[in-house]
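Trainee: Provided herewith is a single structure, encoded as C-alpha cells, for subsequent inquiry.
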Amino acid sequence: MPKIDLHRHLEGSLRLQTLLEIAREYSLDLPANDVENLRPFVQITDDPPNHEAFLSKFEVLRHFYRSPETISRLAYEAVADAALDNIHYLELRFSPQALARVRGFNLAEVTDWVITAVRQASQDYNILVGLIISLVRHEPIAQAQEVAHIAYDRAGQGIVGIDLAGDEVKYPPTPFKPIFKTAKEVGLGVTIHAGEWASALGVRQAIEELYASRVGHGVRAIENSQVLKLVQERNIALEVCLTSNLQTGVVHSVSHHPLVDMLDLNLLATLNTDDPSVSNLTLTDEYVVAMQDLGLQYAQLRRMVLNAAASAFLPADGRQQLLAHFHKLLPENSLPVGC
C-alpha cells in the first residue's frame, strides 16, 4: 500500500549492519560484534515500556556519526529504506547538533551533508522527501537559535519544517516562542512533540505559543475536551506512532491507544514510524498493527494517508498534487493492487 511518513527521525533509522561496518572502519569499541548481539543495545527488545529505556538506545547510536561520509551514508540509507517500504512521501527529521556532537562538526556543514545525501537518495529511489530540523527542549537556547537560523537559511532548499523535541515534562516551550514565530514567517512548517509524555496542556502550548500546524504524537489531547476542540477548530494534524507509544509507556497496550477515537472525532490523525530502527519496524508493520490490534479498515487507513498528504509541509500546489497522487493510487471503495 503506498504510504506517507510525516514523523521519522533520522537518528532512529540506522541500519544495524551499517553500524557494524562503521564500527569496524573506525575501530569503535562496541558492546557487541554482530548484529544479533548488538541489537539489544540499539533496539527495543525485552526492555521495560518507558521512555528512559527507549532513549537509552541513542546513547550508543550517537557514536556512529564519525565523518561526512558516514553521516551522508546513514541519511541516504534512511531514505532508501523508506522507499523500499512503498513510502511515496517522507518527511525525515534530524538534529544537526546530535550528528555533530561527537566529532565537533560545524552544524551548518552537517545540515548540508544531510540535504545533499537525501536529495541524491530521493532521485535514485523516486521518493519525494522533505527535511525537518529538530530543536531540543533540554539543550541551551543559544544552540537552538543557531540551529534555527540554519533552518531559516535553507527554507525551501531541502528544509521544509522545524520541530521541537526532548523532555516536555521538565522543559516548557515558552522560551522557544520567538524561534518558531520566525520559522512561520520564513515559510517553514512547524511541528512540535507534545502530548506524549506530558499532559494535553502541551498540545495547547504547541498550538497557541509555538504556531504548530502539526503535533508529534499528541495522544494526550484526548484527555481534555477543550484541547480537542482547539485541535479540531485549527485543523491540527496529529502524527501518531503506535508502536513507539507502546514502547515508551505512553499507552499500556495498543488496544488502548486513542487512534480510533481520534478518527471517530474526525481529527487529522496520521500514522507514522517515529524511530523505525530502534522500534524494529516499518510503516507497513504499523499499518498491520492498526488493522489487527485496533480493527481499522482500509477506509480508515486510506483516510490517514490522505490526512498526511493534506498536512504535508509543501506549498499549496504541492499538497494538491500529493493528494491527487494518492486519490489515484488508493481507490475509495476497493483495496489497491497488492494489498
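Simple scheme: letters A, B, ... for chains in C-alpha cells order, numbers from 1 for residues in each chain, numbers from 1 for ligands in the order shown.
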Skipping near chain neighbours, those fewer than 5 positions away, what residues fall within 10 Å of range 270-274 of chain A using only C-alpha atoms, listed as a ChimeraX atom specification?
Mentor: /A:3-13,90,92-93,216-217,237-245,259,262-263,279-287,290,301-309,311
Trainee: DSSP on the backbone, then: every residue of range 69-300 of chain A marked alpha helix (DSSP H), written as a PyMOL selection string.
Mentor: chain A and resi 69-84+96-100+107-125+141-153+177-185+201-208+225-234+242-247+259-264+276-279+283-294+298-300
Trainee: What gap, in Å, lies between CA of Ile150 in chain A and CA of Glu69 in chain A?
Mentor: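 Going from CA of Ile150 in chain A over to CA of Glu69 in chain A, I get 20.7 Å.
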Trainee: Excluding Glu139 in chain A and any residue of its chain fewer than 5 positions from it, enumerate the residues within 10 Å of it, using only C-alpha atoms, and give them as a list in words.
Mentor: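 Listed by chain and then number, they are Gln97, Ala144, Gly166, Asp167 and Tyr171 of chain A.
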Trainee: Between A:Tyr89, A:Tyr298, A:Tyr26, A:Phe94, single out the one closest to Ala75 in chain A, counting only C-alpha atoms.
Mentor: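 Closest to Ala75 in chain A of all the choices is A:Phe94.
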